[in-house]
Amino acid sequence: MSEVRVLVGTRKGAFVLRSNEQRKDWTVEGPHFPGWEIYHITGTSAAPNRLYVSQSDGWFGQVIQRSDDGGKTWETVSNEFVYDGVPGTHQWYDGSQHPWEFKRVWHLEPSPTDPDSIYAGVEDAALFHSNDGGKTWRELPGLRDVKGNLWQPGAGGMCLHTILLSPDDPKRIFVAISAAGAFRTDDGGTTWRPVNQGLKSEFELPDATAEVGHCVHSITMHPSRPNTLFMQKHWDVMRSDNAGDSWHEVSGNLPSDFGFPIAVHAHEPNTIYVVPITSDSHHFPPDGKLRVYRSRSGGDEWEALTNGLPQSHCYVNVLRNALAVDSLDSCGIYFGTTGGQVYVSADSGDNWMPIVRDLPPVLSVEVQILP
Amino acid sequence: MIQVTLPTHLRVLAQVAGPVELQVDEPITQRAILDALEAAYPMLRGTIRDAATRERRPFIRFFACGEDLSHEPADVPVPPDVAAGKQPFRIIGAMAGG
């Protein structure tokens, strides 16, 4: 029977949740790296027991660790994320230009085929790559050439938080950056272009349809349809059917189209999930009801999934990296909240149960299925 | 031998239980101590000094002999009792919060 391993990053350490295919009874391990902010902990299908973790701290900065035994032991790898050449500047809050300064790693994206190849999305926004398992990092600087001088940090920081490696084209990568937008390379990261046509940000940008500057919160795709992308923007849920060349809104009947994460069902490429949040100033669910919304039509038509989730007095948030799916036949959906709960649904979202209730605020959730 | 004490997070990261002892060539300065520390415990690189600039991270303090040495130039010799191994060079996480 397969083992389900859920990797949870929180404000105060990492936790590993384990179960079997039933996903009813769970063990909780942790905290690992207690006291550190774990923006992301993840694994790779290329070597399931190889894990990477991004730990950071206001005092001690960024540390990257790697495990080759499923998290039993860890070793530090390089934390030297040095921008290529002269770092240049981006727009600052007062309209002036401000030098790029590394702050932390938000997202680690290992290659699904090469265990030593891994990408890192960082704040201030940039993309780094390692081809030696994290021992050295090299920036892909062409990304910041895409009007990087116009990027401006939002309240959450100017972070590169989403990295999608195209499953059918090793040279195609999508990234998303808060308050900058979505970008695509078709040559392995040498050159990039913004893929934001169709996004509208009336309340955030002076030019609502600007080429860059949109606050993209998360993007995702199903591996069987690499040209179909789904996006949770600051406001609006969007869809592209041409690899980001253009987008159209699919918010439909959502109670709010503000939110952070978005995910696709493992076996149904047109079934997607979001967690609506009231607004940019009210980072909690509408009406105090924690509801995951599912669309089986790739957007526009949404149904609330509530069975097992708190439907009164719930004022948590679900952050952009804190929603994940597993690959079991009955697809599991997982999310963590800023209130420290991690919920699981073993039946595609119809029914939910908390795995754990009182962790520190959850920053990231990833799932592995182990033989 | 120079004695260096580390804050909890860095002791865990370096996998040490108490003060570390370092052989440091003279002149014994903050920079020489930190270079020796990072050479002996490479997992600490970037956690005390910025990885790129090698400057002290903003919320790190250096105390010794009852004094705050954080703002001393990195190449000034440390107090004689630290250099003699009688007093530790203390690396501190600055007070924060309310």
# chains A, B, ... in the order shown; residues from 1 in each chain; ligands from 1
$ interface_residues --of "chain A" --to "chain B" --cutoff "12 Å" --atoms "only C-alpha atoms" --output "ChimeraX atom specification"
/A:12-13,32-37,55-65,74-84,87,101-104,135
$ residues_around --residues "Phe258 (chain A)" --least-positions-apart "6" --cutoff "9 Å" --atoms "only C-alpha atoms" --output "list in words"
Gln232, Lys233, His234, Trp235, Asp236, Val237, Val275, Pro276, Ile277, Thr278, Ser279 and Asp280 of chain A
$ write_last_selection --atoms "N, CA and C atoms" --output "PDB file, in the first residue's frame"
ATOM      1  N   GLN A 232      -4.844  32.348 -10.225  1.00  0.00           N
ATOM      2  CA  GLN A 232      -5.513  33.166  -9.220  1.00  0.00           C
ATOM      3  C   GLN A 232      -4.746  34.469  -9.146  1.00  0.00           C
ATOM      4  N   LYS A 233      -5.379  35.526  -9.630  1.00  0.00           N
ATOM      5  CA  LYS A 233      -4.771  36.847  -9.541  1.00  0.00           C
ATOM      6  C   LYS A 233      -5.245  37.485  -8.245  1.00  0.00           C
ATOM      7  N   HIS A 234      -4.626  38.610  -7.912  1.00  0.00           N
ATOM      8  CA  HIS A 234      -5.016  39.406  -6.745  1.00  0.00           C
ATOM      9  C   HIS A 234      -6.558  39.441  -6.663  1.00  0.00           C
ATOM     10  N   TRP A 235      -7.180  40.006  -7.674  1.00  0.00           N
ATOM     11  CA  TRP A 235      -8.592  39.801  -7.963  1.00  0.00           C
ATOM     12  C   TRP A 235      -8.660  39.061  -9.282  1.00  0.00           C
ATOM     13  N   ASP A 236      -9.629  38.212  -9.452  1.00  0.00           N
ATOM     14  CA  ASP A 236      -9.941  37.494 -10.707  1.00  0.00           C
ATOM     15  C   ASP A 236      -9.263  36.116 -10.752  1.00  0.00           C
ATOM     16  N   VAL A 237     -10.047  35.160 -11.187  1.00  0.00           N
ATOM     17  CA  VAL A 237      -9.522  33.853 -11.558  1.00  0.00           C
ATOM     18  C   VAL A 237      -9.501  33.818 -13.078  1.00  0.00           C
ATOM     19  N   VAL A 275      -9.687  28.915  -3.212  1.00  0.00           N
ATOM     20  CA  VAL A 275     -10.225  29.200  -1.877  1.00  0.00           C
ATOM     21  C   VAL A 275     -10.509  30.700  -1.826  1.00  0.00           C
ATOM     22  N   PRO A 276     -11.740  31.110  -2.059  1.00  0.00           N
ATOM     23  CA  PRO A 276     -12.043  32.550  -2.087  1.00  0.00           C
ATOM     24  C   PRO A 276     -11.787  33.222  -0.735  1.00  0.00           C
ATOM     25  N   ILE A 277     -11.245  34.413  -0.826  1.00  0.00           N
ATOM     26  CA  ILE A 277     -10.966  35.257   0.336  1.00  0.00           C
ATOM     27  C   ILE A 277     -11.745  36.551   0.123  1.00  0.00           C
ATOM     28  N   THR A 278     -12.183  37.169   1.193  1.00  0.00           N
ATOM     29  CA  THR A 278     -13.132  38.266   1.056  1.00  0.00           C
ATOM     30  C   THR A 278     -12.616  39.392   0.166  1.00  0.00           C
ATOM     31  N   SER A 279     -11.422  39.883   0.461  1.00  0.00           N
ATOM     32  CA  SER A 279     -10.908  41.012  -0.318  1.00  0.00           C
ATOM     33  C   SER A 279      -9.436  41.214   0.009  1.00  0.00           C
ATOM     34  N   ASP A 280      -8.843  42.188  -0.684  1.00  0.00           N
ATOM     35  CA  ASP A 280      -7.430  42.460  -0.424  1.00  0.00           C
ATOM     36  C   ASP A 280      -7.217  43.065   0.952  1.00  0.00           C
TER      37      ASP A 280
END
$ residues_around --residues "Val195 (chain A)" --least-positions-apart "5" --cutoff "12 Å" --atoms "only C-alpha atoms" --output "PyMOL selection string"
chain A and resi 146+173-177+180-185+209-214+216+219+229+231+239-240+242-247
$ residues_around --residues "region 66-69 of chain B" --least-positions-apart "4" --cutoff "9 Å" --atoms "only C-alpha atoms" --output "number ranges by chain"
B: 30, 61-62, 73, 78
$ select_by_dssp --residues "chain B" --states "strand (DSSP E)" --output "list in words"
Ile2, Gln3, Val4, Thr5, Val20, Glu21, Leu22, Ile60, Arg61, Phe62, Phe63, Ala64, Glu67, Asp68, Phe89, Arg90, Ile91, Ile92 and Gly93 of chain B
$ write_last_selection --atoms "C-alpha atoms" --output "PDB file, in the first residue's frame"
ATOM      1  CA  ILE B   2      39.306  31.579  20.658  1.00  0.00           C
ATOM      2  CA  GLN B   3      35.950  30.783  22.227  1.00  0.00           C
ATOM      3  CA  VAL B   4      32.808  31.688  20.319  1.00  0.00           C
ATOM      4  CA  THR B   5      29.273  31.325  21.594  1.00  0.00           C
ATOM      5  CA  VAL B  20      33.061  26.423  19.848  1.00  0.00           C
ATOM      6  CA  GLU B  21      36.813  26.785  19.986  1.00  0.00           C
ATOM      7  CA  LEU B  22      38.720  28.104  17.023  1.00  0.00           C
ATOM      8  CA  ILE B  60      23.207  40.136  14.656  1.00  0.00           C
ATOM      9  CA  ARG B  61      25.222  41.584  17.514  1.00  0.00           C
ATOM     10  CA  PHE B  62      28.749  40.853  18.703  1.00  0.00           C
ATOM     11  CA  PHE B  63      29.322  41.106  22.464  1.00  0.00           C
ATOM     12  CA  ALA B  64      32.492  40.488  24.464  1.00  0.00           C
ATOM     13  CA  GLU B  67      30.830  45.526  25.552  1.00  0.00           C
ATOM     14  CA  ASP B  68      28.895  45.710  22.308  1.00  0.00           C
ATOM     15  CA  PHE B  89      33.289  36.243  21.527  1.00  0.00           C
ATOM     16  CA  ARG B  90      29.511  36.176  21.761  1.00  0.00           C
ATOM     17  CA  ILE B  91      27.354  36.166  18.631  1.00  0.00           C
ATOM     18  CA  ILE B  92      23.866  37.285  19.582  1.00  0.00           C
ATOM     19  CA  GLY B  93      20.505  37.534  17.875  1.00  0.00           C
TER      20      GLY B  93
END
$ residues_around --residues "Ile355 (chain A)" --least-positions-apart "2" --cutoff "7 Å" --atoms "only C-alpha atoms" --output "JSON, numbers by chain"
{"A": [26, 342, 343, 344, 353, 357]}
$ write_last_selection --atoms "C-alpha atoms" --output "PDB file, in the first residue's frame"
ATOM      1  CA  TRP A  26      -2.248  10.388  10.319  1.00  0.00           C
ATOM      2  CA  VAL A 342      -4.140  21.296   7.595  1.00  0.00           C
ATOM      3  CA  TYR A 343      -7.210  19.791   5.931  1.00  0.00           C
ATOM      4  CA  VAL A 344      -7.457  16.794   3.636  1.00  0.00           C
ATOM      5  CA  MET A 353     -11.215  16.457   7.703  1.00  0.00           C
ATOM      6  CA  ARG A 357      -5.382  21.834  13.962  1.00  0.00           C
TER       7      ARG A 357
END
$ closest_residue --among "A:Gly156, A:Leu150, A:Pro226, A:Trp92" --to "Phe260 (chain A)" --atoms "only C-alpha atoms"
A:Gly156
$ closest_residue --among "A:Trp106, A:Thr89, A:Val274, A:Asp287" --to "Gln311 (chain A)" --atoms "only C-alpha atoms"
A:Asp287
$ decode --residues "region 251-279 of chain A" --atoms "N, CA and C atoms" --output "PDB file, in the first residue's frame"
ATOM      1  N   SER A 251     -13.968  33.708 -13.318  1.00  0.00           N
ATOM      2  CA  SER A 251     -14.398  33.812 -11.925  1.00  0.00           C
ATOM      3  C   SER A 251     -15.846  33.359 -11.735  1.00  0.00           C
ATOM      4  N   GLY A 252     -16.679  33.606 -12.758  1.00  0.00           N
ATOM      5  CA  GLY A 252     -18.059  33.112 -12.728  1.00  0.00           C
ATOM      6  C   GLY A 252     -18.786  33.457 -11.446  1.00  0.00           C
ATOM      7  N   ASN A 253     -19.357  32.444 -10.807  1.00  0.00           N
ATOM      8  CA  ASN A 253     -20.230  32.647  -9.649  1.00  0.00           C
ATOM      9  C   ASN A 253     -19.505  32.540  -8.305  1.00  0.00           C
ATOM     10  N   LEU A 254     -18.199  32.730  -8.299  1.00  0.00           N
ATOM     11  CA  LEU A 254     -17.485  32.704  -7.013  1.00  0.00           C
ATOM     12  C   LEU A 254     -18.006  33.828  -6.103  1.00  0.00           C
ATOM     13  N   PRO A 255     -18.044  33.583  -4.785  1.00  0.00           N
ATOM     14  CA  PRO A 255     -18.505  34.641  -3.885  1.00  0.00           C
ATOM     15  C   PRO A 255     -17.510  35.792  -3.781  1.00  0.00           C
ATOM     16  N   SER A 256     -16.265  35.504  -4.061  1.00  0.00           N
ATOM     17  CA  SER A 256     -15.218  36.515  -4.186  1.00  0.00           C
ATOM     18  C   SER A 256     -14.172  35.930  -5.118  1.00  0.00           C
ATOM     19  N   ASP A 257     -13.647  36.741  -6.021  1.00  0.00           N
ATOM     20  CA  ASP A 257     -12.601  36.204  -6.894  1.00  0.00           C
ATOM     21  C   ASP A 257     -11.210  36.625  -6.426  1.00  0.00           C
ATOM     22  N   PHE A 258     -11.134  37.109  -5.187  1.00  0.00           N
ATOM     23  CA  PHE A 258      -9.833  37.346  -4.569  1.00  0.00           C
ATOM     24  C   PHE A 258      -9.398  36.053  -3.887  1.00  0.00           C
ATOM     25  N   GLY A 259      -8.124  35.779  -3.911  1.00  0.00           N
ATOM     26  CA  GLY A 259      -7.628  34.580  -3.246  1.00  0.00           C
ATOM     27  C   GLY A 259      -6.148  34.412  -3.539  1.00  0.00           C
ATOM     28  N   PHE A 260      -5.598  33.341  -3.059  1.00  0.00           N
ATOM     29  CA  PHE A 260      -4.156  33.121  -3.250  1.00  0.00           C
ATOM     30  C   PHE A 260      -3.835  31.854  -4.050  1.00  0.00           C
ATOM     31  N   PRO A 261      -4.211  30.647  -3.601  1.00  0.00           N
ATOM     32  CA  PRO A 261      -3.771  29.465  -4.351  1.00  0.00           C
ATOM     33  C   PRO A 261      -4.780  29.050  -5.415  1.00  0.00           C
ATOM     34  N   ILE A 262      -4.323  28.223  -6.329  1.00  0.00           N
ATOM     35  CA  ILE A 262      -5.200  27.567  -7.306  1.00  0.00           C
ATOM     36  C   ILE A 262      -4.556  26.224  -7.631  1.00  0.00           C
ATOM     37  N   ALA A 263      -5.363  25.203  -7.823  1.00  0.00           N
ATOM     38  CA  ALA A 263      -4.834  23.861  -8.080  1.00  0.00           C
ATOM     39  C   ALA A 263      -5.717  23.153  -9.084  1.00  0.00           C
ATOM     40  N   VAL A 264      -5.138  22.143  -9.739  1.00  0.00           N
ATOM     41  CA  VAL A 264      -5.857  21.322 -10.708  1.00  0.00           C
ATOM     42  C   VAL A 264      -5.930  19.899 -10.173  1.00  0.00           C
ATOM     43  N   HIS A 265      -7.065  19.277 -10.364  1.00  0.00           N
ATOM     44  CA  HIS A 265      -7.276  17.868 -10.022  1.00  0.00           C
ATOM     45  C   HIS A 265      -6.223  17.014 -10.730  1.00  0.00           C
ATOM     46  N   ALA A 266      -5.780  15.950 -10.079  1.00  0.00           N
ATOM     47  CA  ALA A 266      -4.708  15.135 -10.648  1.00  0.00           C
ATOM     48  C   ALA A 266      -5.125  14.400 -11.916  1.00  0.00           C
ATOM     49  N   HIS A 267      -6.393  14.049 -12.031  1.00  0.00           N
ATOM     50  CA  HIS A 267      -6.823  13.206 -13.159  1.00  0.00           C
ATOM     51  C   HIS A 267      -7.863  13.872 -14.047  1.00  0.00           C
ATOM     52  N   GLU A 268      -8.339  15.018 -13.646  1.00  0.00           N
ATOM     53  CA  GLU A 268      -9.367  15.728 -14.429  1.00  0.00           C
ATOM     54  C   GLU A 268      -8.811  17.113 -14.762  1.00  0.00           C
ATOM     55  N   PRO A 269      -8.243  17.265 -15.945  1.00  0.00           N
ATOM     56  CA  PRO A 269      -7.550  18.531 -16.235  1.00  0.00           C
ATOM     57  C   PRO A 269      -8.442  19.747 -16.308  1.00  0.00           C
ATOM     58  N   ASN A 270      -9.740  19.544 -16.314  1.00  0.00           N
ATOM     59  CA  ASN A 270     -10.646  20.688 -16.349  1.00  0.00           C
ATOM     60  C   ASN A 270     -11.292  20.944 -14.980  1.00  0.00           C
ATOM     61  N   THR A 271     -10.823  20.227 -13.961  1.00  0.00           N
ATOM     62  CA  THR A 271     -11.365  20.430 -12.612  1.00  0.00           C
ATOM     63  C   THR A 271     -10.341  21.216 -11.798  1.00  0.00           C
ATOM     64  N   ILE A 272     -10.766  22.375 -11.327  1.00  0.00           N
ATOM     65  CA  ILE A 272      -9.835  23.262 -10.629  1.00  0.00           C
ATOM     66  C   ILE A 272     -10.423  23.695  -9.295  1.00  0.00           C
ATOM     67  N   TYR A 273      -9.523  24.154  -8.416  1.00  0.00           N
ATOM     68  CA  TYR A 273      -9.896  24.492  -7.041  1.00  0.00           C
ATOM     69  C   TYR A 273      -9.323  25.860  -6.679  1.00  0.00           C
ATOM     70  N   VAL A 274     -10.116  26.645  -5.984  1.00  0.00           N
ATOM     71  CA  VAL A 274      -9.643  27.895  -5.392  1.00  0.00           C
ATOM     72  C   VAL A 274     -10.238  28.010  -3.987  1.00  0.00           C
ATOM     73  N   VAL A 275      -9.687  28.915  -3.212  1.00  0.00           N
ATOM     74  CA  VAL A 275     -10.225  29.200  -1.877  1.00  0.00           C
ATOM     75  C   VAL A 275     -10.509  30.700  -1.826  1.00  0.00           C
ATOM     76  N   PRO A 276     -11.740  31.110  -2.059  1.00  0.00           N
ATOM     77  CA  PRO A 276     -12.043  32.550  -2.087  1.00  0.00           C
ATOM     78  C   PRO A 276     -11.787  33.222  -0.735  1.00  0.00           C
ATOM     79  N   ILE A 277     -11.245  34.413  -0.826  1.00  0.00           N
ATOM     80  CA  ILE A 277     -10.966  35.257   0.336  1.00  0.00           C
ATOM     81  C   ILE A 277     -11.745  36.551   0.123  1.00  0.00           C
ATOM     82  N   THR A 278     -12.183  37.169   1.193  1.00  0.00           N
ATOM     83  CA  THR A 278     -13.132  38.266   1.056  1.00  0.00           C
ATOM     84  C   THR A 278     -12.616  39.392   0.166  1.00  0.00           C
ATOM     85  N   SER A 279     -11.422  39.883   0.461  1.00  0.00           N
ATOM     86  CA  SER A 279     -10.908  41.012  -0.318  1.00  0.00           C
ATOM     87  C   SER A 279      -9.436  41.214   0.009  1.00  0.00           C
TER      88      SER A 279
END
